[in-house]
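Pasted below: input-v4.cif, mmCIF, C-alpha atoms.
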data_my_file
#
loop_
_atom_site.label_atom_id
_atom_site.label_comp_id
_atom_site.auth_asym_id
_atom_site.auth_seq_id
_atom_site.Cartn_x
_atom_site.Cartn_y
_atom_site.Cartn_z
CA MET Y 1 -4.57 21.20 30.65
CA SER Y 2 -1.01 20.30 31.58
CA TRP Y 3 1.44 18.56 29.27
CA SER Y 4 1.21 15.36 31.32
CA ARG Y 5 -2.61 15.31 31.11
CA ARG Y 6 -2.48 15.90 27.34
CA LEU Y 7 0.02 13.04 27.06
CA ALA Y 8 -2.22 10.79 29.18
CA SER Y 9 -5.30 11.54 27.06
CA ALA Y 10 -3.31 11.06 23.84
CA THR Y 11 -2.00 7.74 25.15
CA ALA Y 12 -5.54 6.62 26.02
CA VAL Y 13 -6.77 7.35 22.47
CA ALA Y 14 -3.73 5.59 20.98
CA LEU Y 15 -4.25 2.55 23.22
CA ALA Y 16 -7.94 2.39 22.26
CA ALA Y 17 -7.08 2.45 18.53
CA PHE Y 18 -4.31 -0.11 19.09
CA GLY Y 19 -6.57 -2.38 21.14
CA LEU Y 20 -9.44 -2.28 18.64
CA ASP Y 21 -7.03 -3.01 15.79
CA GLN Y 22 -5.42 -5.96 17.55
CA ALA Y 23 -8.80 -7.36 18.69
CA SER Y 24 -10.19 -7.17 15.15
CA LYS Y 25 -7.10 -8.89 13.72
CA TRP Y 26 -7.32 -11.65 16.32
CA LEU Y 27 -11.02 -12.12 15.56
CA MET Y 28 -10.35 -12.40 11.82
CA LEU Y 29 -7.35 -14.72 12.18
CA GLU Y 30 -8.76 -17.04 14.82
CA ILE Y 31 -12.51 -17.11 14.18
CA VAL Y 32 -14.01 -15.36 11.15
CA LEU Y 33 -11.42 -16.16 8.48
CA ASN Y 34 -10.37 -19.54 9.83
CA PRO Y 35 -10.11 -21.18 7.29
CA PRO Y 36 -9.03 -18.15 5.24
CA GLU Y 37 -11.76 -18.07 2.61
CA PRO Y 38 -13.14 -14.71 1.36
CA ILE Y 39 -16.51 -13.64 2.75
CA ALA Y 40 -18.67 -11.22 0.72
CA LEU Y 41 -20.35 -8.72 3.04
CA THR Y 42 -21.74 -6.27 0.47
CA PRO Y 43 -21.41 -5.86 -3.31
CA PHE Y 44 -18.32 -3.71 -2.62
CA LEU Y 45 -16.81 -5.10 0.62
CA ASN Y 46 -15.32 -8.51 1.34
CA LEU Y 47 -13.42 -9.98 4.24
CA ARG Y 48 -10.27 -11.44 2.71
CA LEU Y 49 -7.15 -12.37 4.66
CA GLY Y 50 -3.86 -10.91 3.46
CA PHE Y 51 -0.39 -10.27 4.82
CA ASN Y 52 1.53 -7.17 3.75
CA THR Y 53 5.33 -7.33 4.04
CA GLY Y 54 5.76 -3.95 2.31
CA VAL Y 55 4.81 -0.45 3.37
CA SER Y 56 1.61 1.33 2.32
CA PHE Y 57 -0.22 -0.46 -0.51
CA GLY Y 58 2.45 -3.18 -0.50
CA LEU Y 59 5.19 -0.87 -1.83
CA PHE Y 60 8.77 -2.16 -1.50
CA ARG Y 61 7.48 -5.62 -0.57
CA ASP Y 62 10.50 -7.44 -1.99
CA ALA Y 63 13.07 -5.07 -0.47
CA LEU Y 64 11.56 -5.14 3.03
CA GLU Y 65 10.51 -8.78 3.30
CA ALA Y 66 13.89 -9.76 4.76
CA TRP Y 67 13.82 -6.88 7.30
CA PRO Y 68 10.41 -6.96 9.05
CA GLY Y 69 11.89 -6.13 12.44
CA LEU Y 70 13.54 -2.99 11.11
CA LEU Y 71 10.30 -1.64 9.66
CA GLY Y 72 8.44 -2.62 12.85
CA LEU Y 73 11.02 -0.78 14.96
CA PHE Y 74 10.68 2.30 12.75
CA LYS Y 75 6.88 2.22 13.16
CA PHE Y 76 7.16 1.92 16.95
CA ALA Y 77 9.52 4.93 16.98
CA ALA Y 78 7.12 6.88 14.75
CA GLY Y 79 4.24 6.03 17.09
CA PHE Y 80 6.11 7.37 20.12
CA GLY Y 81 7.05 10.50 18.15
CA LEU Y 82 3.40 11.04 17.24
CA LEU Y 83 2.40 10.68 20.91
CA ALA Y 84 4.96 13.28 21.94
CA TRP Y 85 3.72 15.61 19.19
CA ALA Y 86 0.14 15.05 20.38
CA ALA Y 87 1.09 16.08 23.91
CA PHE Y 88 2.22 19.47 22.56
CA ALA Y 89 -0.59 19.89 20.00
CA GLY Y 90 -2.48 23.14 20.36
CA HIS Y 91 -5.82 21.94 19.00
CA ARG Y 92 -7.94 19.06 20.29
CA LEU Y 93 -8.62 17.70 16.77
CA GLU Y 94 -4.90 17.66 16.06
CA ARG Y 95 -4.22 15.87 19.35
CA VAL Y 96 -6.85 13.19 18.68
CA GLY Y 97 -5.68 12.78 15.08
CA LEU Y 98 -2.04 12.34 16.09
CA SER Y 99 -3.11 9.88 18.80
CA LEU Y 100 -5.09 7.80 16.29
CA MET Y 101 -2.09 7.80 13.98
CA ALA Y 102 0.13 6.60 16.85
CA GLY Y 103 -2.31 3.79 17.71
CA GLY Y 104 -2.42 2.68 14.08
CA ALA Y 105 1.38 2.75 13.86
CA PHE Y 106 1.64 0.64 17.02
CA GLY Y 107 -0.92 -1.87 15.72
CA ASN Y 108 0.86 -2.45 12.42
CA ALA Y 109 4.29 -2.40 14.10
CA LEU Y 110 3.28 -5.19 16.48
CA ASP Y 111 2.11 -7.31 13.54
CA ARG Y 112 5.47 -6.85 11.80
CA TRP Y 113 7.35 -7.65 14.98
CA ARG Y 114 5.29 -10.77 15.75
CA GLN Y 115 4.73 -12.27 12.31
CA GLY Y 116 6.88 -10.35 9.83
CA ALA Y 117 3.90 -8.84 8.01
CA VAL Y 118 0.80 -6.75 8.68
CA THR Y 119 -2.49 -8.65 8.84
CA ASP Y 120 -5.06 -7.15 6.46
CA PHE Y 121 -8.65 -8.29 5.99
CA LEU Y 122 -10.87 -5.51 4.59
CA ASP Y 123 -11.23 -5.72 0.82
CA LEU Y 124 -13.02 -2.78 -0.87
CA HIS Y 125 -13.75 -3.32 -4.54
CA TRP Y 126 -15.78 -2.19 -7.51
CA VAL Y 127 -16.57 -5.01 -9.93
CA ASP Y 128 -13.08 -6.50 -10.57
CA TRP Y 129 -11.03 -3.53 -9.30
CA HIS Y 130 -9.79 -4.00 -5.72
CA TRP Y 131 -8.32 -1.39 -3.40
CA PRO Y 132 -5.34 -2.82 -1.47
CA THR Y 133 -6.61 -4.85 1.47
CA PHE Y 134 -6.43 -2.96 4.78
CA ASN Y 135 -7.19 -3.23 8.51
CA GLY Y 136 -8.27 -1.29 11.60
CA ALA Y 137 -4.86 0.31 12.11
CA ASP Y 138 -5.03 1.69 8.57
CA ILE Y 139 -8.48 3.14 9.33
CA ALA Y 140 -7.15 4.81 12.50
CA LEU Y 141 -4.20 6.21 10.53
CA SER Y 142 -6.47 7.57 7.80
CA PHE Y 143 -8.93 9.18 10.21
CA GLY Y 144 -6.01 10.58 12.19
CA VAL Y 145 -4.52 12.24 9.10
CA ALA Y 146 -7.96 13.66 8.21
CA LEU Y 147 -8.36 15.14 11.71
CA VAL Y 148 -4.87 16.70 11.65
CA LEU Y 149 -5.62 18.26 8.25
CA LEU Y 150 -9.00 19.49 9.49
CA ALA Y 151 -7.36 21.05 12.54
CA ALA Y 152 -4.90 22.86 10.26
CA LEU Y 153 -7.65 24.60 8.28
CA PRO Y 154 -7.94 28.28 9.07
CA VAL Y 155 -11.23 29.00 10.78
CA LYS Y 156 -12.32 32.58 11.36
CA ASN Y 157 -13.16 33.39 14.97
CA ARG Y 158 -12.03 30.00 16.28
CA ALA Y 159 -12.04 29.97 20.05
CA PRO Y 160 -8.66 29.01 21.50
CA ASP Y 161 -8.35 25.48 22.78
CA ARG Y 162 -8.93 25.63 26.52
CA ALA Y 163 -6.53 22.71 26.91
CA ASN Y 164 -3.61 25.06 26.38
CA ALA Y 165 -4.83 27.72 28.80
#

Using the file provided, produce a representation of the structure as structure tokens.
Amino acid sequence: MSWSRRLASATAVALAAFGLDQASKWLMLEIVLNPPEPIALTPFLNLRLGFNTGVSFGLFRDALEAWPGLLGLFKFAAGFGLLAWAAFAGHRLERVGLSLMAGGAFGNALDRWRQGAVTDFLDLHWVDWHWPTFNGADIALSFGVALVLLAALPVKNRAPDRANA
């Protein structure tokens, strides 16, 4: 598969992740969590609207609150870098993982650019302990990292990726 075809397929995966993230955020903001009252789905999962002005897990929230555009611009740049990396990736799992990471970066970057914070709505918890609220872009990023790590594992007798032939 040529570099341009790998880039096109990586872009398609990234756009799908981006589109699903943005559609889910719109659905939560405009319909499901309007008004923004928590909804218990299971004993360990709620829908709860939140806005993160920091980076992962709300880190550096105070320092970055005044600079949402800068962090959004950085995430857009990272997304394009991940797409370029995906186009050169030698393994299909790595390519898909990097593409998912790019789509997640684009989804959260657009939120920061539009509203100054990332829209979060998935609240995992155990009794009174809550994981930081997250969204579809975060899921795409997490699965993408897992796929890249999986692709990096040494596998005996792995057939070469035909995409690079």

>> If the PyMOL selection byres ((chain Y and resi 100) around 7) were run on this exact file, what residues would it hold? Put them as a ChimeraX atom specification.
In response: /Y:13-14,17,96-99,101-104,140-141,144

>> One number please: CA of Met1 (chain Y) to CA of Ala105 (chain Y), in Å, one decimal.
In response: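 These atoms are spaced 25.6 Å apart.
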
> If the PyMOL selection byres ((chain Y and resi 116) around 8) is run on the structure shown, which residues does it catch, given as an MDAnalysis selection string?
Replying inline: chainID Y and resid 53 65 68:69 111:115 117:118

For the PyMOL selection byres ((chain Y and resi 39-51) around 9), applied here, can you spell out every residue it catches as a PDB file with C-alpha atoms, keeping the file's coordinate frame?
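Result went into result_29.pdb, see below:
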ATOM      1  CA  MET Y  28     -10.350 -12.400  11.820  1.00  0.00           C
ATOM      2  CA  LEU Y  29      -7.350 -14.720  12.180  1.00  0.00           C
ATOM      3  CA  VAL Y  32     -14.010 -15.360  11.150  1.00  0.00           C
ATOM      4  CA  LEU Y  33     -11.420 -16.160   8.480  1.00  0.00           C
ATOM      5  CA  PRO Y  36      -9.030 -18.150   5.240  1.00  0.00           C
ATOM      6  CA  GLU Y  37     -11.760 -18.070   2.610  1.00  0.00           C
ATOM      7  CA  PRO Y  38     -13.140 -14.710   1.360  1.00  0.00           C
ATOM      8  CA  ASN Y  52       1.530  -7.170   3.750  1.00  0.00           C
ATOM      9  CA  THR Y  53       5.330  -7.330   4.040  1.00  0.00           C
ATOM     10  CA  GLY Y 116       6.880 -10.350   9.830  1.00  0.00           C
ATOM     11  CA  ALA Y 117       3.900  -8.840   8.010  1.00  0.00           C
ATOM     12  CA  VAL Y 118       0.800  -6.750   8.680  1.00  0.00           C
ATOM     13  CA  THR Y 119      -2.490  -8.650   8.840  1.00  0.00           C
ATOM     14  CA  ASP Y 120      -5.060  -7.150   6.460  1.00  0.00           C
ATOM     15  CA  PHE Y 121      -8.650  -8.290   5.990  1.00  0.00           C
ATOM     16  CA  LEU Y 122     -10.870  -5.510   4.590  1.00  0.00           C
ATOM     17  CA  ASP Y 123     -11.230  -5.720   0.820  1.00  0.00           C
ATOM     18  CA  LEU Y 124     -13.020  -2.780  -0.870  1.00  0.00           C
ATOM     19  CA  HIS Y 125     -13.750  -3.320  -4.540  1.00  0.00           C
ATOM     20  CA  TRP Y 126     -15.780  -2.190  -7.510  1.00  0.00           C
ATOM     21  CA  VAL Y 127     -16.570  -5.010  -9.930  1.00  0.00           C
ATOM     22  CA  THR Y 133      -6.610  -4.850   1.470  1.00  0.00           C
ATOM     23  CA  PHE Y 134      -6.430  -2.960   4.780  1.00  0.00           C
TER      24      PHE Y 134
END

> Taking all atoms listed in the file into account, which of Y:Gln22, Y:Asn34, Y:Ser9, Y:Ser2 comes nearest Asp138 (chain Y)?
Replying inline: Y:Gln22

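A straight line drawn from CA of Ala23 (chain Y) to CA of Leu73 (chain Y) is 21.2 Å long.
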
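CA of Phe18 (chain Y) lies 22.4 Å from CA of Ala151 (chain Y).
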
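For the residues Y:Asn135, Y:Phe74, Y:His91, Y:Gly107, ranking by smallest atom-to-atom distance to Pro154 (chain Y) using all atoms listed in the file places Y:His91 first.
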
>> Give me the residues near Trp3 (chain Y) as a ChimeraX atom specification, where near means some atom within 12 Å (using only C-alpha atoms) and where sequence neighbours in that chain fewer than 5 positions away do not count.
In response: /Y:8-10,83-90,95,163-165

Limited to C-alpha atoms, could you put the picked residues into a file as a PDB file, keeping the file's coordinate frame?
ATOM      1  CA  ALA Y   8      -2.220  10.790  29.180  1.00  0.00           C
ATOM      2  CA  SER Y   9      -5.300  11.540  27.060  1.00  0.00           C
ATOM      3  CA  ALA Y  10      -3.310  11.060  23.840  1.00  0.00           C
ATOM      4  CA  LEU Y  83       2.400  10.680  20.910  1.00  0.00           C
ATOM      5  CA  ALA Y  84       4.960  13.280  21.940  1.00  0.00           C
ATOM      6  CA  TRP Y  85       3.720  15.610  19.190  1.00  0.00           C
ATOM      7  CA  ALA Y  86       0.140  15.050  20.380  1.00  0.00           C
ATOM      8  CA  ALA Y  87       1.090  16.080  23.910  1.00  0.00           C
ATOM      9  CA  PHE Y  88       2.220  19.470  22.560  1.00  0.00           C
ATOM     10  CA  ALA Y  89      -0.590  19.890  20.000  1.00  0.00           C
ATOM     11  CA  GLY Y  90      -2.480  23.140  20.360  1.00  0.00           C
ATOM     12  CA  ARG Y  95      -4.220  15.870  19.350  1.00  0.00           C
ATOM     13  CA  ALA Y 163      -6.530  22.710  26.910  1.00  0.00           C
ATOM     14  CA  ASN Y 164      -3.610  25.060  26.380  1.00  0.00           C
ATOM     15  CA  ALA Y 165      -4.830  27.720  28.800  1.00  0.00           C
TER      16      ALA Y 165
END
